[in-house]
$ cat input_35.cif   # mmCIF, C-alpha atoms
data_coords
#
loop_
_atom_site.group_PDB
_atom_site.id
_atom_site.type_symbol
_atom_site.label_atom_id
_atom_site.label_comp_id
_atom_site.auth_asym_id
_atom_site.auth_seq_id
_atom_site.Cartn_x
_atom_site.Cartn_y
_atom_site.Cartn_z
ATOM 1 C CA MET A 1366 70.705 82.058 77.894
ATOM 2 C CA SER A 1367 72.171 84.366 75.250
ATOM 3 C CA THR A 1368 72.204 88.145 75.677
ATOM 4 C CA HIS A 1369 69.784 88.470 72.771
ATOM 5 C CA LYS A 1370 67.345 85.969 74.261
ATOM 6 C CA SER A 1371 67.596 87.639 77.680
ATOM 7 C CA ALA A 1372 66.759 91.043 76.188
ATOM 8 C CA GLU A 1373 63.927 89.484 74.218
ATOM 9 C CA MET A 1374 62.368 87.922 77.308
ATOM 10 C CA THR A 1375 62.738 91.151 79.306
ATOM 11 C CA GLN A 1376 60.842 93.123 76.686
ATOM 12 C CA ALA A 1377 58.219 90.409 76.256
ATOM 13 C CA LYS A 1378 57.561 90.212 79.981
ATOM 14 C CA ASP A 1379 57.303 93.978 80.240
ATOM 15 C CA THR A 1380 54.721 94.153 77.469
ATOM 16 C CA GLU A 1381 52.789 90.979 78.113
ATOM 17 C CA SER A 1382 52.620 89.749 81.653
ATOM 18 C CA THR A 1383 52.313 92.622 84.088
ATOM 19 C CA GLU A 1384 48.556 92.937 83.701
ATOM 20 C CA ASP A 1385 48.329 89.578 85.445
ATOM 21 C CA THR A 1386 50.213 90.566 88.613
ATOM 22 C CA PRO A 1387 47.708 92.332 90.876
ATOM 23 C CA ARG A 1388 49.876 91.622 93.927
ATOM 24 C CA CYS A 1389 52.213 94.347 92.614
ATOM 25 C CA LEU A 1390 49.539 96.990 92.366
ATOM 26 C CA SER A 1391 49.893 100.063 94.514
ATOM 27 C CA GLY A 1392 46.924 101.820 92.958
ATOM 28 C CA GLN A 1393 44.275 101.627 90.277
ATOM 29 C CA THR A 1394 42.199 104.399 88.776
ATOM 30 C CA GLU A 1395 39.525 104.510 86.090
ATOM 31 C CA THR A 1396 39.749 107.648 84.012
ATOM 32 C CA SER A 1397 38.420 109.141 80.805
ATOM 33 C CA SER A 1398 41.897 110.193 79.665
ATOM 34 C CA SER A 1399 45.280 108.538 79.266
ATOM 35 C CA ILE A 1400 48.286 109.579 81.343
ATOM 36 C CA ASP A 1401 50.203 112.812 80.904
ATOM 37 C CA LEU A 1402 53.699 112.284 79.525
ATOM 38 C CA THR A 1403 56.885 114.085 80.498
ATOM 39 C CA GLN A 1404 58.388 116.475 77.955
ATOM 40 C CA ASP A 1405 61.176 113.967 77.256
ATOM 41 C CA GLU A 1406 58.625 111.241 76.507
ATOM 42 C CA LEU A 1407 56.608 113.554 74.267
ATOM 43 C CA ASP A 1408 59.725 114.604 72.368
ATOM 44 C CA ARG A 1409 60.819 111.001 71.878
ATOM 45 C CA LEU A 1410 57.431 109.937 70.512
ATOM 46 C CA LYS A 1411 57.340 112.934 68.162
ATOM 47 C CA THR A 1412 60.785 112.247 66.753
ATOM 48 C CA GLU A 1413 60.212 108.502 66.341
ATOM 49 C CA ARG A 1414 59.136 108.612 62.731
ATOM 50 C CA VAL A 1415 61.329 105.965 61.114
ATOM 51 C CA LEU A 1416 59.194 102.893 60.470
ATOM 52 C CA VAL A 1417 60.215 99.278 59.993
ATOM 53 C CA SER A 1418 60.693 98.639 56.265
ATOM 54 C CA GLU A 1419 57.704 97.543 54.176
ATOM 55 C CA PHE A 1420 59.507 94.280 53.340
ATOM 56 C CA LYS A 1421 59.937 93.418 57.037
ATOM 57 C CA GLN A 1422 56.356 94.460 57.825
ATOM 58 C CA LEU A 1423 55.011 92.100 55.153
ATOM 59 C CA LYS A 1424 57.258 89.333 56.522
ATOM 60 C CA LEU A 1425 55.986 89.920 60.077
ATOM 61 C CA GLU A 1426 52.376 89.720 58.900
ATOM 62 C CA LYS A 1427 53.051 86.538 56.924
ATOM 63 C CA GLU A 1428 54.831 84.920 59.881
ATOM 64 C CA ALA A 1429 52.481 86.161 62.642
ATOM 65 C CA LYS A 1430 51.083 82.711 63.409
ATOM 66 C CA LYS A 1431 54.568 81.153 63.422
ATOM 67 C CA ASN A 1432 55.898 83.825 65.794
ATOM 68 C CA TRP A 1433 53.091 83.260 68.308
ATOM 69 C CA ASP A 1434 53.533 79.495 67.995
ATOM 70 C CA LEU A 1435 57.250 79.924 68.771
ATOM 71 C CA PHE A 1436 56.329 82.116 71.738
ATOM 72 C CA TYR A 1437 54.286 79.252 73.225
ATOM 73 C CA LYS A 1438 56.974 76.716 72.295
ATOM 74 C CA ARG A 1439 59.523 78.712 74.334
ATOM 75 C CA ASN A 1440 57.273 79.516 77.268
ATOM 76 C CA THR A 1441 54.788 76.584 77.260
ATOM 77 C CA THR A 1442 52.181 77.269 79.971
ATOM 78 C CA ASN A 1443 54.552 79.086 82.335
ATOM 79 C CA PHE A 1444 54.486 82.666 81.044
ATOM 80 C CA PHE A 1445 51.127 84.114 82.082
ATOM 81 C CA LYS A 1446 49.527 83.878 85.494
ATOM 82 C CA ASP A 1447 45.959 82.594 85.722
ATOM 83 C CA ARG A 1448 43.520 85.487 85.449
ATOM 84 C CA HIS A 1449 41.490 85.018 88.597
ATOM 85 C CA TRP A 1450 40.631 88.740 88.407
ATOM 86 C CA THR A 1451 38.305 88.340 85.410
ATOM 87 C CA THR A 1452 35.021 87.906 87.288
ATOM 88 C CA ARG A 1453 35.977 90.713 89.658
ATOM 89 C CA GLU A 1454 36.764 93.142 86.849
ATOM 90 C CA PHE A 1455 33.857 92.082 84.639
ATOM 91 C CA GLU A 1456 30.748 91.799 86.792
ATOM 92 C CA GLU A 1457 28.770 91.195 83.589
ATOM 93 C CA LEU A 1458 29.972 87.583 83.616
ATOM 94 C CA LYS A 1459 27.638 87.136 86.582
ATOM 95 C CA ALA A 1460 25.051 89.830 85.932
ATOM 96 C CA CYS A 1461 24.222 89.146 82.281
ATOM 97 C CA ARG A 1462 22.039 86.119 83.006
ATOM 98 C CA GLU A 1463 18.317 86.673 82.580
ATOM 99 C CA PHE A 1464 17.622 84.123 85.319
ATOM 100 C CA GLU A 1465 19.860 82.537 87.956
ATOM 101 C CA SER A 1466 19.921 79.006 86.518
ATOM 102 C CA GLN A 1467 20.644 80.139 82.950
ATOM 103 C CA LYS A 1468 23.590 78.361 81.346
ATOM 104 C CA LEU A 1469 25.916 81.026 80.036
ATOM 105 C CA VAL A 1470 27.580 80.482 76.645
ATOM 106 C CA LEU A 1471 30.871 82.325 76.325
ATOM 107 C CA LEU A 1472 33.488 82.733 73.603
ATOM 108 C CA GLU A 1473 37.027 83.492 74.682
ATOM 109 C CA ALA A 1474 38.599 84.961 71.554
ATOM 110 C CA GLY A 1475 42.351 84.546 71.906
ATOM 111 C CA CYS A 1476 42.439 82.027 74.745
ATOM 112 C CA GLY A 1477 46.201 81.450 74.852
ATOM 113 C CA VAL A 1478 46.901 78.428 77.054
ATOM 114 C CA GLY A 1479 43.747 78.887 79.137
ATOM 115 C CA ASN A 1480 44.807 81.345 81.857
ATOM 116 C CA CYS A 1481 41.396 83.023 81.715
ATOM 117 C CA LEU A 1482 39.409 80.004 80.551
ATOM 118 C CA PHE A 1483 40.107 77.579 83.382
ATOM 119 C CA PRO A 1484 39.546 80.001 86.297
ATOM 120 C CA LEU A 1485 36.166 80.824 84.691
ATOM 121 C CA LEU A 1486 35.228 77.148 84.410
ATOM 122 C CA GLU A 1487 36.213 76.570 88.049
ATOM 123 C CA ASP A 1488 34.380 79.664 89.272
ATOM 124 C CA ASP A 1489 31.116 79.099 87.382
ATOM 125 C CA LEU A 1490 29.805 75.556 86.989
ATOM 126 C CA ASN A 1491 26.896 76.695 84.830
ATOM 127 C CA ILE A 1492 28.915 77.917 81.860
ATOM 128 C CA PHE A 1493 29.986 76.570 78.469
ATOM 129 C CA VAL A 1494 33.025 78.143 76.798
ATOM 130 C CA TYR A 1495 34.134 78.192 73.191
ATOM 131 C CA ALA A 1496 37.843 79.048 73.166
ATOM 132 C CA CYS A 1497 39.976 79.835 70.143
ATOM 133 C CA ASP A 1498 43.503 81.028 69.499
ATOM 134 C CA PHE A 1499 45.704 81.971 66.565
ATOM 135 C CA SER A 1500 48.400 79.525 67.742
ATOM 136 C CA PRO A 1501 47.782 75.788 67.196
ATOM 137 C CA ARG A 1502 50.317 75.051 69.946
ATOM 138 C CA ALA A 1503 48.398 77.173 72.451
ATOM 139 C CA VAL A 1504 45.174 75.313 71.628
ATOM 140 C CA GLU A 1505 46.926 71.983 72.192
ATOM 141 C CA PHE A 1506 48.089 73.161 75.624
ATOM 142 C CA VAL A 1507 44.452 74.007 76.439
ATOM 143 C CA LYS A 1508 43.288 70.535 75.406
ATOM 144 C CA GLN A 1509 46.055 68.876 77.439
ATOM 145 C CA ASN A 1510 45.063 70.705 80.633
ATOM 146 C CA PRO A 1511 43.546 68.295 83.208
ATOM 147 C CA LEU A 1512 40.624 70.716 83.659
ATOM 148 C CA TYR A 1513 39.695 70.580 79.963
ATOM 149 C CA CYS A 1514 36.328 68.877 79.566
ATOM 150 C CA PRO A 1515 34.631 68.646 76.136
ATOM 151 C CA GLU A 1516 31.227 68.733 77.843
ATOM 152 C CA ARG A 1517 31.998 72.238 79.140
ATOM 153 C CA CYS A 1518 34.507 73.602 76.664
ATOM 154 C CA CYS A 1519 35.331 73.510 72.957
ATOM 155 C CA ALA A 1520 38.823 74.732 71.971
ATOM 156 C CA PHE A 1521 39.876 75.269 68.368
ATOM 157 C CA GLN A 1522 42.471 77.106 66.286
ATOM 158 C CA CYS A 1523 41.234 80.177 64.425
ATOM 159 C CA ASP A 1524 42.596 83.266 62.703
ATOM 160 C CA LEU A 1525 39.888 85.777 63.623
ATOM 161 C CA THR A 1526 40.799 87.982 60.658
ATOM 162 C CA LYS A 1527 40.007 85.417 57.943
ATOM 163 C CA GLU A 1528 38.583 82.133 59.292
ATOM 164 C CA ASP A 1529 34.827 82.117 59.892
ATOM 165 C CA LEU A 1530 33.995 81.529 63.561
ATOM 166 C CA THR A 1531 30.647 80.017 62.546
ATOM 167 C CA GLU A 1532 32.523 76.906 61.369
ATOM 168 C CA ASN A 1533 32.985 76.058 65.069
ATOM 169 C CA VAL A 1534 30.443 78.275 66.880
ATOM 170 C CA PRO A 1535 26.750 78.430 65.882
ATOM 171 C CA GLU A 1536 25.737 81.825 64.557
ATOM 172 C CA GLY A 1537 24.032 84.023 67.165
ATOM 173 C CA SER A 1538 24.600 81.510 69.986
ATOM 174 C CA VAL A 1539 27.030 83.295 72.337
ATOM 175 C CA ASP A 1540 25.954 85.391 75.340
ATOM 176 C CA VAL A 1541 29.333 86.968 76.107
ATOM 177 C CA VAL A 1542 32.654 87.312 74.277
ATOM 178 C CA THR A 1543 35.854 88.058 76.184
ATOM 179 C CA LEU A 1544 38.552 89.843 74.178
ATOM 180 C CA ILE A 1545 41.405 90.279 76.641
ATOM 181 C CA PHE A 1546 44.850 91.410 75.447
ATOM 182 C CA VAL A 1547 44.103 90.006 71.985
ATOM 183 C CA LEU A 1548 43.047 92.720 69.544
ATOM 184 C CA SER A 1549 46.332 94.585 70.121
ATOM 185 C CA ALA A 1550 48.182 91.687 68.445
ATOM 186 C CA VAL A 1551 46.116 92.022 65.242
ATOM 187 C CA HIS A 1552 47.266 94.231 62.377
ATOM 188 C CA PRO A 1553 45.251 97.494 62.600
ATOM 189 C CA GLU A 1554 43.935 97.056 59.056
ATOM 190 C CA LYS A 1555 42.422 93.686 60.025
ATOM 191 C CA MET A 1556 40.901 94.581 63.400
ATOM 192 C CA LYS A 1557 37.488 95.429 61.942
ATOM 193 C CA MET A 1558 37.343 92.050 60.182
ATOM 194 C CA ALA A 1559 38.039 90.282 63.482
ATOM 195 C CA LEU A 1560 35.249 92.223 65.224
ATOM 196 C CA GLU A 1561 32.767 91.541 62.410
ATOM 197 C CA ASN A 1562 33.611 87.843 62.730
ATOM 198 C CA ILE A 1563 32.877 87.984 66.468
ATOM 199 C CA ASN A 1564 29.638 89.873 65.836
ATOM 200 C CA LYS A 1565 28.263 86.945 63.802
ATOM 201 C CA VAL A 1566 28.347 84.445 66.688
ATOM 202 C CA LEU A 1567 27.085 86.856 69.369
ATOM 203 C CA LYS A 1568 23.387 86.891 70.261
ATOM 204 C CA PRO A 1569 21.460 90.132 69.714
ATOM 205 C CA GLY A 1570 21.839 91.988 72.999
ATOM 206 C CA GLY A 1571 25.035 90.043 73.830
ATOM 207 C CA SER A 1572 28.190 91.711 75.111
ATOM 208 C CA VAL A 1573 31.900 91.891 74.295
ATOM 209 C CA LEU A 1574 34.082 92.439 77.364
ATOM 210 C CA PHE A 1575 37.354 94.041 76.328
ATOM 211 C CA ARG A 1576 40.667 94.732 78.026
ATOM 212 C CA ASP A 1577 43.896 95.681 76.279
ATOM 213 C CA TYR A 1578 46.835 98.086 76.133
ATOM 214 C CA GLY A 1579 46.034 101.789 76.277
ATOM 215 C CA LEU A 1580 47.778 104.695 74.632
ATOM 216 C CA ASN A 1581 51.003 105.782 76.410
ATOM 217 C CA ASP A 1582 51.248 102.607 78.470
ATOM 218 C CA HIS A 1583 54.711 102.046 79.964
ATOM 219 C CA ALA A 1584 55.301 99.178 77.522
ATOM 220 C CA MET A 1585 54.752 101.532 74.570
ATOM 221 C CA LEU A 1586 57.294 104.019 75.913
ATOM 222 C CA ARG A 1587 59.940 101.302 76.348
ATOM 223 C CA PHE A 1588 60.174 100.315 72.691
ATOM 224 C CA LYS A 1589 63.575 101.045 71.201
ATOM 225 C CA ALA A 1590 64.232 102.785 67.875
ATOM 226 C CA GLY A 1591 63.535 100.474 64.940
ATOM 227 C CA SER A 1592 60.451 98.900 66.545
ATOM 228 C CA LYS A 1593 57.742 101.154 65.134
ATOM 229 C CA LEU A 1594 55.422 99.682 62.489
ATOM 230 C CA GLY A 1595 52.895 102.513 62.338
ATOM 231 C CA GLU A 1596 50.927 104.877 64.547
ATOM 232 C CA ASN A 1597 50.785 103.302 68.029
ATOM 233 C CA PHE A 1598 51.866 99.940 66.515
ATOM 234 C CA TYR A 1599 55.166 98.220 67.433
ATOM 235 C CA VAL A 1600 57.058 94.953 67.033
ATOM 236 C CA ARG A 1601 58.813 93.148 69.873
ATOM 237 C CA GLN A 1602 62.152 91.421 69.512
ATOM 238 C CA ASP A 1603 60.467 88.029 69.216
ATOM 239 C CA GLY A 1604 58.417 89.171 66.196
ATOM 240 C CA THR A 1605 55.080 89.477 68.005
ATOM 241 C CA ARG A 1606 53.374 92.849 67.649
ATOM 242 C CA SER A 1607 51.328 95.166 69.831
ATOM 243 C CA TYR A 1608 48.988 98.082 69.194
ATOM 244 C CA PHE A 1609 48.163 100.675 71.866
ATOM 245 C CA PHE A 1610 44.573 101.939 71.777
ATOM 246 C CA SER A 1611 43.050 105.321 72.389
ATOM 247 C CA LYS A 1612 39.480 104.997 73.574
ATOM 248 C CA GLU A 1613 38.306 107.041 70.581
ATOM 249 C CA ARG A 1614 39.971 104.625 68.136
ATOM 250 C CA LEU A 1615 38.554 101.617 69.971
ATOM 251 C CA ALA A 1616 35.000 103.011 69.928
ATOM 252 C CA GLN A 1617 35.347 103.774 66.222
ATOM 253 C CA LEU A 1618 36.436 100.195 65.501
ATOM 254 C CA PHE A 1619 33.617 98.549 67.440
ATOM 255 C CA GLU A 1620 30.916 100.896 66.187
ATOM 256 C CA GLY A 1621 32.131 100.318 62.614
ATOM 257 C CA ALA A 1622 31.669 96.582 63.154
ATOM 258 C CA GLY A 1623 28.071 96.989 64.342
ATOM 259 C CA PHE A 1624 28.459 97.291 68.113
ATOM 260 C CA VAL A 1625 27.197 99.870 70.605
ATOM 261 C CA SER A 1626 29.545 101.325 73.218
ATOM 262 C CA VAL A 1627 28.401 100.894 76.831
ATOM 263 C CA VAL A 1628 31.590 101.456 78.848
ATOM 264 C CA ASN A 1629 34.939 102.548 77.436
ATOM 265 C CA ASP A 1630 37.513 103.937 79.873
ATOM 266 C CA TYR A 1631 41.202 103.896 80.638
ATOM 267 C CA VAL A 1632 42.347 102.012 83.720
ATOM 268 C CA LEU A 1633 45.553 103.400 85.220
ATOM 269 C CA ARG A 1634 47.732 101.228 87.405
ATOM 270 C CA GLU A 1635 50.996 101.740 89.198
ATOM 271 C CA THR A 1636 53.020 98.556 89.014
ATOM 272 C CA VAL A 1637 56.008 98.095 91.286
ATOM 273 C CA ASN A 1638 59.009 96.258 89.881
ATOM 274 C CA LYS A 1639 60.750 95.228 93.092
ATOM 275 C CA LYS A 1640 63.771 93.791 91.303
ATOM 276 C CA GLU A 1641 64.549 97.086 89.544
ATOM 277 C CA GLY A 1642 63.164 99.218 92.372
ATOM 278 C CA ILE A 1643 60.910 101.276 90.125
ATOM 279 C CA CYS A 1644 57.225 102.109 89.944
ATOM 280 C CA VAL A 1645 55.790 102.345 86.437
ATOM 281 C CA GLN A 1646 52.492 103.583 85.086
ATOM 282 C CA ARG A 1647 50.399 101.050 83.184
ATOM 283 C CA VAL A 1648 47.537 102.179 80.980
ATOM 284 C CA PHE A 1649 44.836 99.734 79.920
ATOM 285 C CA LEU A 1650 41.488 100.154 78.217
ATOM 286 C CA GLN A 1651 38.575 98.330 79.828
ATOM 287 C CA SER A 1652 35.379 98.399 77.844
ATOM 288 C CA LYS A 1653 32.011 96.816 77.178
ATOM 289 C CA PHE A 1654 30.286 96.803 73.815
ATOM 290 C CA THR A 1655 26.943 95.228 72.943
ATOM 291 C CA LYS A 1656 25.325 93.872 69.821
ATOM 292 C CA PRO A 1657 22.046 95.736 69.298
ATOM 293 C CA PRO A 1658 18.942 93.671 70.127
ATOM 294 C CA LEU A 1659 16.591 92.691 67.338
ATOM 295 C CA THR A 1660 14.043 95.410 66.709
ATOM 296 C CA GLN A 1661 10.466 94.411 67.360
ATOM 297 C CA PRO A 1662 8.085 94.817 64.416
ATOM 298 C CA SER A 1663 5.660 97.672 64.968
#
$ encode --input "input_35.cif" --output "structure tokens"
Amino acid sequence: MSTHKSAEMTQAKDTESTEDTPRCLSGQTETSSSIDLTQDELDRLKTERVLVSEFKQLKLEKEAKKNWDLFYKRNTTNFFKDRHWTTREFEELKACREFESQKLVLLEAGCGVGNCLFPLLEDDLNIFVYACDFSPRAVEFVKQNPLYCPERCCAFQCDLTKEDLTENVPEGSVDVVTLIFVLSAVHPEKMKMALENINKVLKPGGSVLFRDYGLNDHAMLRFKAGSKLGENFYVRQDGTRSYFFSKERLAQLFEGAGFVSVVNDYVLRETVNKKEGICVQRVFLQSKFTKPPLTQPS
């Protein structure tokens, strides 16, 4: 492996995979505020004003799908751990049924290779999942999984920012949408479009369960000079991008797309990197937003 590729994988793993390693957790706290930074960290963020050139930014946006497809070509299905924590973290996946035997219809927006999808299908036999991803290669990995069953799951490629979800998912048919470490990869100017697209397939009263990178997360502080695309928006060495959310910005986005905020808090975790012998602070946002129910005529 070349030095460049090694550095690329180190940064990618730091920013992408640690949320899926609960065995490394030494603590977890829900809080209404992000972490306090040291003076050195504050100074570095304040002085980091040089942005990636407009030409390169346009190129990154144009090649976003290709870069994620290359990510899955390099890593196949081996990069992320299966997310068996989803039903524990999001009790709504169990509690949102109106009656016990109700078949739950779920959309996993940004399914990757199925690390959340397949544990859900194994855990809940009375569920049907629509699953989409930006990367055609990722969708193919989902369909090749031995657990993939067309009677219980429908996987398809979709760019949430411009391709209408209703071409594959009936309008107003979904009970719950999971949006887990996905919106951060979307250009900030297109996030509202993605959420409006999701809104169309969600039932009135349905929920979006969200988890993603929070402001001042350790991954954000590790970016080197020359990685900044905009406020709280960075590019990794492999060309994939990541945005780091404040809870105020996230609420503004969802409410602007027609949702109501129910829960919206930072989750702080201390993750131990045994190889490097360090303990780092991770900051995630874990939230629930609902689509308003239909108003009853008076």
$ resolve_selection --input "input_35.cif" --expression "the PyMOL selection byres ((chain A and resi 1650) around 9)" --output "JSON list (two decimals) with C-alpha atoms, in the coordinates of the input"
[["chain", "number", "residue", "atom", "x", "y", "z"],
["A", 1575, "PHE", "CA", 37.35, 94.04, 76.33],
["A", 1576, "ARG", "CA", 40.67, 94.73, 78.03],
["A", 1577, "ASP", "CA", 43.90, 95.68, 76.28],
["A", 1578, "TYR", "CA", 46.84, 98.09, 76.13],
["A", 1579, "GLY", "CA", 46.03, 101.79, 76.28],
["A", 1580, "LEU", "CA", 47.78, 104.70, 74.63],
["A", 1610, "PHE", "CA", 44.57, 101.94, 71.78],
["A", 1611, "SER", "CA", 43.05, 105.32, 72.39],
["A", 1612, "LYS", "CA", 39.48, 105.00, 73.57],
["A", 1615, "LEU", "CA", 38.55, 101.62, 69.97],
["A", 1629, "ASN", "CA", 34.94, 102.55, 77.44],
["A", 1630, "ASP", "CA", 37.51, 103.94, 79.87],
["A", 1631, "TYR", "CA", 41.20, 103.90, 80.64],
["A", 1632, "VAL", "CA", 42.35, 102.01, 83.72],
["A", 1633, "LEU", "CA", 45.55, 103.40, 85.22],
["A", 1648, "VAL", "CA", 47.54, 102.18, 80.98],
["A", 1649, "PHE", "CA", 44.84, 99.73, 79.92],
["A", 1651, "GLN", "CA", 38.58, 98.33, 79.83],
["A", 1652, "SER", "CA", 35.38, 98.40, 77.84]]
$ closest_residue --input "input_35.cif" --among "A:Val1541, A:Leu1525, A:Ala1496, A:Leu1425" --to "Ala1559 of chain A" --atoms "all atoms listed in the file"
A:Leu1525
$ residues_around --input "input_35.cif" --residues "Gly1477 of chain A" --least-positions-apart "4" --cutoff "10 Å" --atoms "all atoms listed in the file" --output "PyMOL selection string"
chain A and resi 1433+1437+1442+1445+1473+1481-1482+1496-1507+1547
$ resolve_selection --input "input_35.cif" --expression "the PyMOL selection byres ((chain A and resi 1572) around 7)" --output "PyMOL selection string"
chain A and resi 1540-1542+1570-1571+1573-1574+1653-1656
$ atom_distance --input "input_35.cif" --atom1 "atom CA of Arg1606 of chain A" --atom2 "atom CA of Cys1518 of chain A"
28.4 Å
$ atom_distance --input "input_35.cif" --atom1 "atom CA of Leu1472 of chain A" --atom2 "atom CA of Phe1493 of chain A"
8.6 Å
$ resolve_selection --input "input_35.cif" --expression "the PyMOL selection byres ((chain A and resi 1585) around 8)" --output "ChimeraX atom specification"
/A:1380,1580-1584,1586-1588,1597,1599,1609
$ residues_around --input "input_35.cif" --residues "Ser1538 of chain A" --least-positions-apart "3" --cutoff "8 Å" --atoms "all atoms listed in the file" --output "PDB file with C-alpha atoms, in the coordinates of the input"
ATOM      1  CA  VAL A1470      27.580  80.482  76.645  1.00  0.00           C
ATOM      2  CA  VAL A1534      30.443  78.275  66.880  1.00  0.00           C
ATOM      3  CA  PRO A1535      26.750  78.430  65.882  1.00  0.00           C
ATOM      4  CA  VAL A1566      28.347  84.445  66.688  1.00  0.00           C
ATOM      5  CA  LEU A1567      27.085  86.856  69.369  1.00  0.00           C
ATOM      6  CA  LYS A1568      23.387  86.891  70.261  1.00  0.00           C
TER       7      LYS A1568
END
$ closest_residue --input "input_35.cif" --among "A:Val1645, A:Met1556, A:Leu1435, A:Leu1486" --to "Gly1621 of chain A" --atoms "all atoms listed in the file"
A:Met1556
$ closest_residue --input "input_35.cif" --among "A:Leu1560, A:Leu1490, A:Val1551, A:Leu1544" --to "Leu1530 of chain A" --atoms "only C-alpha atoms"
A:Leu1560
$ atom_distance --input "input_35.cif" --atom1 "atom CA of Lys1557 of chain A" --atom2 "atom CA of Phe1598 of chain A"
15.7 Å
$ residues_around --input "input_35.cif" --residues "Glu1419 of chain A" --least-positions-apart "6" --cutoff "12 Å" --atoms "only C-alpha atoms" --output "PDB file with C-alpha atoms, keeping the file's coordinate frame"
ATOM      1  CA  LEU A1425      55.986  89.920  60.077  1.00  0.00           C
ATOM      2  CA  GLU A1426      52.376  89.720  58.900  1.00  0.00           C
ATOM      3  CA  LYS A1593      57.742 101.154  65.134  1.00  0.00           C
ATOM      4  CA  LEU A1594      55.422  99.682  62.489  1.00  0.00           C
ATOM      5  CA  GLY A1595      52.895 102.513  62.338  1.00  0.00           C
TER       6      GLY A1595
END
$ residues_around --input "input_35.cif" --residues "Gly1623 of chain A" --least-positions-apart "4" --cutoff "8 Å" --atoms "only C-alpha atoms" --output "VMD selection string"
chain A and resid 1561 1564 1619 1656 to 1657
$ decode --input "input_35.cif" --residues "segment 1526-1537 of chain A" --atoms "N, CA and C atoms" --output "PDB file, in the first residue's frame"
ATOM      1  N   THR A1526     -30.941  14.241  -4.043  1.00  0.00           N
ATOM      2  CA  THR A1526     -31.023  15.674  -4.292  1.00  0.00           C
ATOM      3  C   THR A1526     -31.682  16.011  -5.630  1.00  0.00           C
ATOM      4  N   LYS A1527     -31.885  14.997  -6.501  1.00  0.00           N
ATOM      5  CA  LYS A1527     -32.495  15.328  -7.798  1.00  0.00           C
ATOM      6  C   LYS A1527     -33.361  14.240  -8.413  1.00  0.00           C
ATOM      7  N   GLU A1528     -33.313  13.009  -7.902  1.00  0.00           N
ATOM      8  CA  GLU A1528     -34.117  11.927  -8.460  1.00  0.00           C
ATOM      9  C   GLU A1528     -35.294  11.656  -7.538  1.00  0.00           C
ATOM     10  N   ASP A1529     -36.497  11.688  -8.093  1.00  0.00           N
ATOM     11  CA  ASP A1529     -37.727  11.599  -7.308  1.00  0.00           C
ATOM     12  C   ASP A1529     -37.884  10.219  -6.682  1.00  0.00           C
ATOM     13  N   LEU A1530     -37.941  10.172  -5.358  1.00  0.00           N
ATOM     14  CA  LEU A1530     -38.112   8.893  -4.656  1.00  0.00           C
ATOM     15  C   LEU A1530     -39.413   8.195  -5.034  1.00  0.00           C
ATOM     16  N   THR A1531     -40.422   8.981  -5.424  1.00  0.00           N
ATOM     17  CA  THR A1531     -41.730   8.370  -5.733  1.00  0.00           C
ATOM     18  C   THR A1531     -41.683   7.503  -6.987  1.00  0.00           C
ATOM     19  N   GLU A1532     -40.588   7.530  -7.731  1.00  0.00           N
ATOM     20  CA  GLU A1532     -40.436   6.611  -8.866  1.00  0.00           C
ATOM     21  C   GLU A1532     -40.236   5.180  -8.395  1.00  0.00           C
ATOM     22  N   ASN A1533     -39.805   5.007  -7.144  1.00  0.00           N
ATOM     23  CA  ASN A1533     -39.578   3.664  -6.586  1.00  0.00           C
ATOM     24  C   ASN A1533     -40.378   3.398  -5.316  1.00  0.00           C
ATOM     25  N   VAL A1534     -40.826   4.467  -4.645  1.00  0.00           N
ATOM     26  CA  VAL A1534     -41.550   4.338  -3.374  1.00  0.00           C
ATOM     27  C   VAL A1534     -42.870   5.091  -3.507  1.00  0.00           C
ATOM     28  N   PRO A1535     -44.007   4.425  -3.258  1.00  0.00           N
ATOM     29  CA  PRO A1535     -45.297   5.124  -3.372  1.00  0.00           C
ATOM     30  C   PRO A1535     -45.358   6.342  -2.446  1.00  0.00           C
ATOM     31  N   GLU A1536     -45.930   7.404  -2.955  1.00  0.00           N
ATOM     32  CA  GLU A1536     -46.052   8.631  -2.174  1.00  0.00           C
ATOM     33  C   GLU A1536     -46.863   8.389  -0.903  1.00  0.00           C
ATOM     34  N   GLY A1537     -46.378   8.899   0.226  1.00  0.00           N
ATOM     35  CA  GLY A1537     -47.094   8.789   1.492  1.00  0.00           C
ATOM     36  C   GLY A1537     -47.262   7.375   2.011  1.00  0.00           C
TER      37      GLY A1537
END
